[in-house]
Each structure stands twice: as structure tokens, then as C-alpha cells.
$ cat data.cif   # mmCIF, C-alpha atoms
data_model
loop_
_atom_site.label_atom_id
_atom_site.label_comp_id
_atom_site.auth_asym_id
_atom_site.auth_seq_id
_atom_site.Cartn_x
_atom_site.Cartn_y
_atom_site.Cartn_z
CA MET A 1 122.02 85.76 100.08
CA LYS A 2 120.64 85.40 96.55
CA LYS A 3 117.61 83.31 95.69
CA GLY A 4 119.65 80.82 93.74
CA GLY A 5 121.78 79.83 96.72
CA MET A 6 120.02 76.46 97.31
CA ASN A 7 119.01 73.57 95.05
CA ILE A 8 116.27 71.90 97.11
CA VAL A 9 114.41 73.79 99.83
CA ARG A 10 112.98 71.58 102.57
CA ILE A 11 111.16 72.91 105.60
CA LYS A 12 113.00 72.67 108.90
CA GLN A 13 110.59 74.96 110.79
CA ILE A 14 107.39 76.76 109.79
CA LEU A 15 107.20 80.34 111.05
CA ASN A 16 103.96 81.23 109.26
CA ASN A 17 102.38 80.66 105.83
CA GLY A 18 104.93 82.97 104.25
CA ALA A 19 108.11 82.13 106.15
CA ILE A 20 110.15 79.02 106.94
CA VAL A 21 113.52 78.03 108.35
CA THR A 22 115.65 75.69 106.23
CA THR A 23 119.32 74.80 105.76
CA LYS A 24 121.77 75.02 102.89
CA LYS A 25 123.98 72.14 101.74
CA ASP A 26 126.69 73.16 104.17
CA GLY A 27 124.23 73.01 107.06
CA GLU A 28 123.97 76.79 107.48
CA GLU A 29 120.52 77.84 108.69
CA VAL A 30 118.59 80.40 106.67
CA VAL A 31 115.17 82.04 106.88
CA VAL A 32 113.16 82.00 103.66
CA LEU A 33 110.24 84.28 102.80
CA GLY A 34 107.73 83.60 100.03
CA LYS A 35 104.05 84.28 99.44
CA GLY A 36 102.15 81.22 100.73
CA ILE A 37 105.37 79.21 100.72
CA ALA A 38 104.36 77.08 103.75
CA PHE A 39 100.62 76.89 103.11
CA ALA A 40 99.37 73.28 103.62
CA LYS A 41 102.98 72.16 104.19
CA LYS A 42 104.67 70.37 107.08
CA VAL A 43 108.24 70.00 108.35
CA GLY A 44 110.32 67.99 105.86
CA ASP A 45 108.26 69.00 102.82
CA GLU A 46 109.86 70.58 99.79
CA VAL A 47 108.65 74.08 98.88
CA ASP A 48 108.09 75.87 95.58
CA LYS A 49 111.27 77.87 94.95
CA THR A 50 109.49 80.17 92.50
CA LYS A 51 107.55 81.65 95.43
CA ILE A 52 110.71 82.74 97.26
CA TYR A 53 111.35 86.47 97.29
CA LYS A 54 113.90 86.80 100.09
CA ILE A 55 116.46 84.60 101.86
CA PHE A 56 118.09 85.75 105.09
CA THR A 57 121.29 84.38 106.54
CA PRO A 58 121.30 85.83 110.09
CA PHE A 59 124.89 86.61 111.10
CA ASP A 60 124.31 86.32 114.84
CA ASP A 61 121.71 85.19 117.39
CA ASN A 62 120.53 88.75 117.99
CA GLN A 63 119.71 89.35 114.32
CA ARG A 64 118.07 85.92 114.09
CA ASN A 65 115.86 86.65 117.11
CA ASN A 66 114.91 90.09 115.76
CA LEU A 67 114.06 88.59 112.38
CA LEU A 68 111.94 85.78 113.83
CA LYS A 69 110.15 88.23 116.15
CA THR A 70 109.36 90.54 113.22
CA ILE A 71 108.10 87.63 111.10
CA HIS A 72 105.85 86.32 113.88
CA GLU A 73 104.37 89.74 114.65
CA THR A 74 104.14 91.32 111.18
CA ASP A 75 101.75 90.90 108.27
CA PRO A 76 103.72 89.54 105.26
CA ILE A 77 102.45 92.47 103.15
CA PHE A 78 105.01 94.70 104.87
CA PHE A 79 107.88 92.39 103.95
CA GLN A 80 106.62 92.48 100.36
CA ILE A 81 106.47 96.29 100.34
CA SER A 82 110.01 96.44 101.77
CA GLU A 83 111.16 94.03 99.07
CA LYS A 84 109.56 96.21 96.39
CA ILE A 85 111.32 99.33 97.73
CA VAL A 86 114.72 97.63 97.97
CA ASP A 87 114.36 95.94 94.57
CA ARG A 88 113.75 99.29 92.89
CA LEU A 89 116.82 100.77 94.55
CA LYS A 90 118.95 97.83 93.41
CA LYS A 91 117.69 98.00 89.83
CA GLU A 92 117.75 101.76 89.34
CA GLU A 93 120.69 102.80 91.54
CA ASN A 94 122.69 99.56 91.74
CA ILE A 95 122.68 99.97 95.53
CA ASP A 96 123.30 96.83 97.56
CA LEU A 97 121.59 97.39 100.90
CA ALA A 98 122.43 95.49 104.08
CA ASP A 99 120.01 92.64 104.88
CA SER A 100 119.19 94.32 108.18
CA VAL A 101 117.24 97.01 106.30
CA TYR A 102 114.52 94.47 105.45
CA ILE A 103 113.95 93.83 109.15
CA THR A 104 114.08 97.43 110.36
CA LEU A 105 112.14 98.86 107.39
CA THR A 106 109.46 96.16 107.57
CA ASP A 107 108.98 96.72 111.28
CA HIS A 108 108.86 100.49 110.75
CA LEU A 109 106.26 100.25 107.95
CA ALA A 110 104.01 97.99 110.03
CA THR A 111 104.23 100.29 113.04
CA SER A 112 103.64 103.43 110.95
CA VAL A 113 100.55 101.98 109.28
CA GLU A 114 99.18 100.87 112.64
CA ARG A 115 99.61 104.44 113.93
CA GLY A 116 98.25 105.90 110.68
CA LYS A 117 95.02 103.94 110.98
CA LYS A 118 94.52 105.69 114.30
CA GLY A 119 95.28 109.08 112.75
CA LEU A 120 98.63 109.35 114.54
CA TYR A 121 101.41 110.71 112.33
CA LEU A 122 104.88 111.57 113.64
CA SER A 123 106.91 114.65 112.72
CA ASN A 124 110.47 114.07 111.49
CA SER A 125 113.05 116.37 113.07
CA PHE A 126 115.59 115.38 110.38
CA LEU A 127 113.31 116.12 107.41
CA TRP A 128 115.20 119.19 106.16
CA GLU A 129 118.57 117.41 106.40
CA ILE A 130 117.23 114.35 104.57
CA GLN A 131 115.67 116.46 101.81
CA ASN A 132 118.88 118.44 101.28
CA TYR A 133 121.70 116.02 102.14
CA TYR A 134 120.08 112.81 100.88
CA PRO A 135 117.74 113.96 98.09
CA LYS A 136 117.87 110.70 96.13
CA GLU A 137 116.89 108.58 99.13
CA TYR A 138 114.18 111.11 99.97
CA GLN A 139 112.66 110.76 96.49
CA TYR A 140 112.47 107.00 96.96
CA GLY A 141 110.89 107.68 100.34
CA LEU A 142 108.19 109.77 98.64
CA TRP A 143 107.55 106.96 96.17
CA ALA A 144 107.29 104.42 99.02
CA LEU A 145 104.99 106.78 100.91
CA GLN A 146 102.58 106.67 97.95
CA LEU A 147 102.71 102.87 98.03
CA LEU A 148 101.58 102.97 101.66
CA ASN A 149 98.90 105.60 101.07
CA ASN A 150 97.46 103.66 98.12
CA GLN A 151 97.69 100.24 99.78
CA PHE A 152 96.13 101.24 103.09
CA LYS A 153 94.04 104.28 102.09
CA LEU A 154 95.98 106.59 104.39
CA GLN A 155 97.33 110.13 104.10
CA PHE A 156 100.90 110.05 105.40
CA PRO A 157 102.66 113.46 105.46
CA GLU A 158 106.09 113.96 103.90
CA ASP A 159 107.67 113.29 107.28
CA GLU A 160 107.05 109.58 106.66
CA ALA A 161 109.04 109.75 103.41
CA GLY A 162 111.90 111.03 105.54
CA PHE A 163 111.62 108.11 107.96
CA ILE A 164 111.66 105.61 105.09
CA ALA A 165 114.68 107.42 103.63
CA ILE A 166 116.51 107.02 106.95
CA HIS A 167 116.14 103.25 106.71
CA ILE A 168 117.38 103.30 103.12
CA ILE A 169 120.39 105.41 104.16
CA SER A 170 121.13 103.07 107.07
CA GLY A 171 120.97 100.14 104.64
CA GLU A 172 123.49 101.89 102.40
CA LEU A 173 125.80 102.62 105.30
CA GLY A 174 125.51 99.00 106.42
CA ASN A 175 124.99 99.95 110.03
CA ASP A 176 122.35 101.24 112.40
CA ILE A 177 120.30 104.42 112.58
CA ASP A 178 122.97 106.04 114.75
CA ASP A 179 125.28 105.95 111.72
CA PHE A 180 122.74 108.00 109.79
CA LYS A 181 122.78 110.69 112.47
CA LYS A 182 126.58 110.74 112.52
CA SER A 183 126.79 110.99 108.73
CA ILE A 184 124.29 113.87 108.78
CA ASP A 185 126.46 115.68 111.34
CA PHE A 186 129.55 115.09 109.19
CA ILE A 187 127.91 116.53 106.07
CA LYS A 188 126.62 119.53 108.04
CA GLU A 189 130.07 120.19 109.48
CA ILE A 190 131.84 120.08 106.12
CA THR A 191 129.13 122.19 104.48
CA LYS A 192 129.48 124.76 107.26
CA ILE A 193 133.22 125.03 106.59
CA VAL A 194 132.52 125.76 102.91
CA ARG A 195 129.79 128.29 103.75
CA TYR A 196 131.96 130.20 106.21
CA TYR A 197 135.12 130.06 104.13
CA PHE A 198 133.43 131.59 101.06
CA LYS A 199 130.82 133.59 103.03
CA ILE A 200 128.04 132.26 100.80
CA ASP A 201 124.51 130.92 101.06
CA ILE A 202 124.64 127.50 99.45
CA ASP A 203 121.83 126.42 97.13
CA TYR A 204 120.96 123.08 98.74
CA GLN A 205 118.68 122.18 95.82
CA SER A 206 121.39 122.57 93.17
CA ALA A 207 122.80 119.60 91.29
CA ALA A 208 126.32 120.67 92.30
CA TYR A 209 125.48 120.56 96.00
CA ASN A 210 123.62 117.25 95.66
CA ARG A 211 126.74 115.72 94.10
CA PHE A 212 128.87 117.21 96.88
CA ALA A 213 126.59 115.76 99.59
CA LEU A 214 126.60 112.38 97.84
CA HIS A 215 130.41 112.44 97.75
CA LEU A 216 130.55 113.28 101.47
CA LYS A 217 128.07 110.54 102.33
CA PHE A 218 130.14 107.80 100.75
CA PHE A 219 133.40 109.33 101.91
CA TRP A 220 132.13 109.25 105.50
CA LYS A 221 131.34 105.54 105.19
CA TYR A 222 134.77 104.89 103.70
CA MET A 223 136.50 106.92 106.40
CA MET A 224 134.63 105.17 109.22
CA TYR A 225 134.85 101.58 108.03
CA LYS A 226 137.53 101.26 105.39
CA LYS A 227 140.38 103.39 106.69
CA GLY A 228 142.95 100.78 105.75
CA GLU A 229 141.76 100.51 102.16
CA ARG A 230 143.07 103.35 100.05
CA GLY A 231 141.39 103.71 96.68
CA LEU A 232 143.14 104.73 93.48
CA GLY A 233 146.37 105.75 95.16
CA ASP A 234 147.70 109.16 96.00
CA LEU A 235 148.22 111.84 93.38
CA SER A 236 151.62 113.26 92.63
CA ASP A 237 152.46 116.75 93.87
CA GLU A 238 152.66 117.89 90.25
CA ILE A 239 149.04 116.98 89.57
CA LEU A 240 147.95 118.60 92.83
CA LYS A 241 149.70 121.83 91.78
CA VAL A 242 147.59 121.93 88.62
CA ILE A 243 144.41 121.51 90.65
CA LYS A 244 145.56 124.14 93.14
CA SER A 245 146.33 126.67 90.44
CA SER A 246 142.95 126.19 88.75
CA ASP A 247 141.07 127.34 91.86
CA ILE A 248 143.26 128.34 94.78
CA ASP A 249 140.30 129.16 97.04
CA ALA A 250 138.66 125.76 96.57
CA TYR A 251 142.02 124.13 97.29
CA LYS A 252 142.57 126.22 100.46
CA CYS A 253 139.06 125.40 101.64
CA SER A 254 139.83 121.71 101.10
CA LEU A 255 142.89 122.11 103.32
CA LYS A 256 140.65 123.59 106.04
CA ILE A 257 138.46 120.49 105.73
CA LYS A 258 141.54 118.27 105.83
CA GLN A 259 142.63 119.90 109.10
CA PHE A 260 139.15 119.55 110.61
CA ILE A 261 138.89 115.84 109.68
CA ALA A 262 142.36 115.13 111.03
CA GLU A 263 141.55 116.77 114.37
CA LYS A 264 138.06 115.34 114.86
CA TYR A 265 138.22 111.97 113.08
CA ASN A 266 141.95 111.21 113.20
CA TYR A 267 141.95 110.65 109.44
CA ASP A 268 144.57 112.14 107.10
CA LEU A 269 143.19 113.07 103.68
CA THR A 270 145.28 112.02 100.71
CA ASN A 271 146.05 114.36 97.81
CA GLU A 272 143.45 112.46 95.80
CA GLU A 273 140.77 113.07 98.42
CA ILE A 274 141.72 116.74 98.61
CA MET A 275 141.41 116.91 94.81
CA TYR A 276 137.85 115.53 94.81
CA LEU A 277 136.82 117.93 97.55
CA ALA A 278 138.31 120.87 95.65
CA ILE A 279 136.54 119.86 92.43
CA HIS A 280 133.15 119.68 94.17
CA ILE A 281 133.72 122.93 96.06
CA ASN A 282 134.78 124.66 92.85
CA LYS A 283 131.57 123.50 91.16
CA ILE A 284 129.37 124.78 94.00
CA THR A 285 131.04 128.21 94.15
CA SER A 286 131.28 128.56 90.35
CA ASP A 287 127.55 127.97 90.00
CA LEU A 288 126.87 130.67 92.60
CA ARG A 289 129.22 133.14 90.90
CA ARG A 290 127.34 132.68 87.62
CA LYS A 291 124.00 133.61 89.21
#

$ encode --input "data.cif" --output "C-alpha cells"
Amino acid sequence: MKKGGMNIVRIKQILNNGAIVTTKKDGEEVVVLGKGIAFAKKVGDEVDKTKIYKIFTPFDDNQRNNLLKTIHETDPIFFQISEKIVDRLKKEENIDLADSVYITLTDHLATSVERGKKGLYLSNSFLWEIQNYYPKEYQYGLWALQLLNNQFKLQFPEDEAGFIAIHIISGELGNDIDDFKKSIDFIKEITKIVRYYFKIDIDYQSAAYNRFALHLKFFWKYMMYKKGERGLGDLSDEILKVIKSSDIDAYKCSLKIKQFIAEKYNYDLTNEEIMYLAIHINKITSDLRRK
């Protein structure tokens, strides 16, 4: 929910100096975060709206309980760091992350810093996949890692950037960490089909592959959660013939992918979706042929 969603903010419950529970005009309960928003205040008092930096509308009791638990147990600085990370993503990438990412990312940052102060740093078994399949999110993870290192005088390894990236990815997917793992598997499977079909070693650092992985990431989300919502409509057979004739191998590889997706995910690719796959595959293989 946006900050401008309420006219007057009155305290219904004080969680700590930086968090309160209040209600909107329609009676819906929300949790409001703001630096010092409840300091020297009591239930029924009006708060300074300019201090608000996040408003949560928990969609069920489980999320509400998790949020309240995190607020009670976590230093507000970690909510503020999470807000800074998410705000940058929204401004620079126009990415609208699920509200749940604030809770999971905040909790993760607090736990990581607690471990880091004891010299305990975890290795990330997904680091290579994150670096290569989600390079944009990984770069934001590196930036956030520097925020933590500077703020708390720690020396987190790059593995931590990968963990932060996982939370960003989960926020994009709008679901839990398990979705991240499934999307990684999907991208690996499709990439493997391309590698074996063309018998090539793909340059995972290339711009062409990064665009391909990005396309697969959002296609996976669409396929999993929006199967009934077709996009721009299906292409005519005539247009598909033009695409096929421009690069028959990329088109045939796309058909292999279509067959795989149909068998494993029970999803039938449209001509339009085949076209986009063929275009990306053509770009990857063309770049390799020019080297």
C-alpha cells in the first residue's frame, strides 16, 4: 500500500518507537513503519505522516504474525536498509516487489549481521546460478552488501550478495524462496536444451545470454501463475514462416523447448512465445559464430 493511502493516522497499537498498528477509513488494519513515529506517543494519538516510510496491509493472519514478530525482534535499521534496497530497485528498474520481501529480507539482514559480528559467514550453493541467470539482481545484491559492510564494519563475502539477490528475486516472483529454486531449475533446463542442440559452450556473461535468462525468468512466472492470460495474441502462420526461414536451427531448437515444456509443465507454447525464444536463441548462437 502506498504512503498516501490514509488521511489521518491515529495509533491503535504501539509495537515499538518505529512501528504502530492503525486502521484506514474502511476499518482495514495496517502496520505502519516510520523513524521514531511512536516516540512519546500513546494509543489514540495522531502521528507525523512525514515520518512514514512503509505501510503494510497483511493479507492473512500468518503474514501479520510474521510481520509483528519481525518488528518486535528486529532493530529498525534493518527495515530501513531493506526499504533503501527496494526503493532503488523500484526507481531504477521499475520493479514492483511483493510486500513479503520487506519481511523476509529484513529478517535475513538482521540474522546475517548477527552472524557476521561473530565471524560466521555462510557459503551460497546457488552463487554461480545467481551470478549467471540473475545478473541484475546479483549486482543489486553486491551494492546492498556494501551497505551492510559500511554500516556495520563487517567483511561479508560475495555469497551474501547472492543471498540478498535471492530475496529480491523472490519479491519479483511474488512468492517464496522455493519459487526461486524452481525458476533456477527451469532456466538451467532450457539452457541445457540450447547447449546440447547446438553443441556449444554458452557465454553466460554475454549480453545476449543475460537477455535470454531474463526472458526465461519472467516467462516462468507467467507460465506458473498467469496461464489463463495470453499476452499479445498468437502470431499468424505466415509470420512464423518468416521467422523460421531466417534461422531454421533456432526455430527447431524452440520446438524442442516447446515439447519439453508441454511434457513437464503441461503448458503449450503459442507461436508468439516460440518466436521470442527463437529470436533470443538466434542472438546467442550468432554472437558465438562471430567469435

$ closest_residue --input "data.cif" --among "A:Leu147, A:Leu120, A:Ile284, A:Ile248" --to "Arg195 of chain A" --atoms "all atoms listed in the file"
A:Ile284

$ atom_distance --input "data.cif" --atom1 "atom CA of Asp203 of chain A" --atom2 "atom CA of Thr285 of chain A"
9.8 Å

$ closest_residue --input "data.cif" --among "A:Lys90, A:Lys69, A:Arg211, A:Lys25" --to "Thr106 of chain A" --atoms "all atoms listed in the file"
A:Lys69

$ resolve_selection --input "data.cif" --expression "the PyMOL selection byres ((chain A and resi 185-189) around 8)" --output "ChimeraX atom specification"
/A:133,181-184,190-193,213,216-217,220

$ residues_around --input "data.cif" --residues "segment 70-80 of chain A" --least-positions-apart "2" --cutoff "10 Å" --atoms "all atoms listed in the file" --output "PyMOL selection string"
chain A and resi 15-20+31+33-36+53-54+64-68+82-86+102-111+113+148+151

$ residues_around --input "data.cif" --residues "Phe126 of chain A" --least-positions-apart "3" --cutoff "10 Å" --atoms "all atoms listed in the file" --output "list of chain:residue names"
A:Ser123, A:Glu129, A:Ile130, A:Gln131, A:Asp159, A:Gly162, A:Phe163, A:Ile166, A:Lys181, A:Ile184

$ closest_residue --input "data.cif" --among "A:Ala278, A:Gly171, A:Ile200, A:Ser206" --to "Asp99 of chain A" --atoms "all atoms listed in the file"
A:Gly171

$ closest_residue --input "data.cif" --among "A:Lys12, A:Lys118, A:Lys51, A:Lys136" --to "Leu214 of chain A" --atoms "all atoms listed in the file"
A:Lys136

$ closest_residue --input "data.cif" --among "A:Leu173, A:Ile279, A:Val101, A:Ile52" --to "Tyr222 of chain A" --atoms "all atoms listed in the file"
A:Leu173

$ atom_distance --input "data.cif" --atom1 "atom CA of Ser254 of chain A" --atom2 "atom CA of Asn132 of chain A"
21.2 Å

$ resolve_selection --input "data.cif" --expression "the PyMOL selection byres ((chain A and resi 121) around 8)" --output "ChimeraX atom specification"
/A:112,115-116,119-120,122-123,156-157

$ atom_distance --input "data.cif" --atom1 "atom CA of Glu160 of chain A" --atom2 "atom CA of Gly141 of chain A"
7.6 Å

$ resolve_selection --input "data.cif" --expression "the PyMOL selection byres ((chain A and resi 251) around 9)" --output "list of chain:residue names"
A:Ile243, A:Lys244, A:Ser245, A:Ser246, A:Asp247, A:Ile248, A:Asp249, A:Ala250, A:Lys252, A:Cys253, A:Ser254, A:Leu255, A:Lys256, A:Ile274, A:Met275, A:Leu277, A:Ala278, A:Ile279, A:Ile281, A:Asn282

$ closest_residue --input "data.cif" --among "A:Thr50, A:Trp143, A:Gln155, A:Thr57" --to "Gly27 of chain A" --atoms "only C-alpha atoms"
A:Thr57

$ residues_near_point --input "data.cif" --point "(139.0, 108.4, 114.0)" --cutoff "10 Å" --atoms "all atoms listed in the file" --output "list in words"
Met223, Met224, Tyr225, Lys227, Ile261, Ala262, Glu263, Lys264, Tyr265, Asn266, Tyr267 and Asp268 of chain A

$ residues_near_point --input "data.cif" --point "(100.9, 73.0, 103.9)" --cutoff "12 Å" --atoms "only C-alpha atoms" --output "list in words"
Ile11, Ile14, Asn16, Asn17, Gly18, Ala19, Ile20, Gly36, Ile37, Ala38, Phe39, Ala40, Lys41, Lys42, Val43, Gly44, Asp45, Glu46, Val47 and Asp48 of chain A
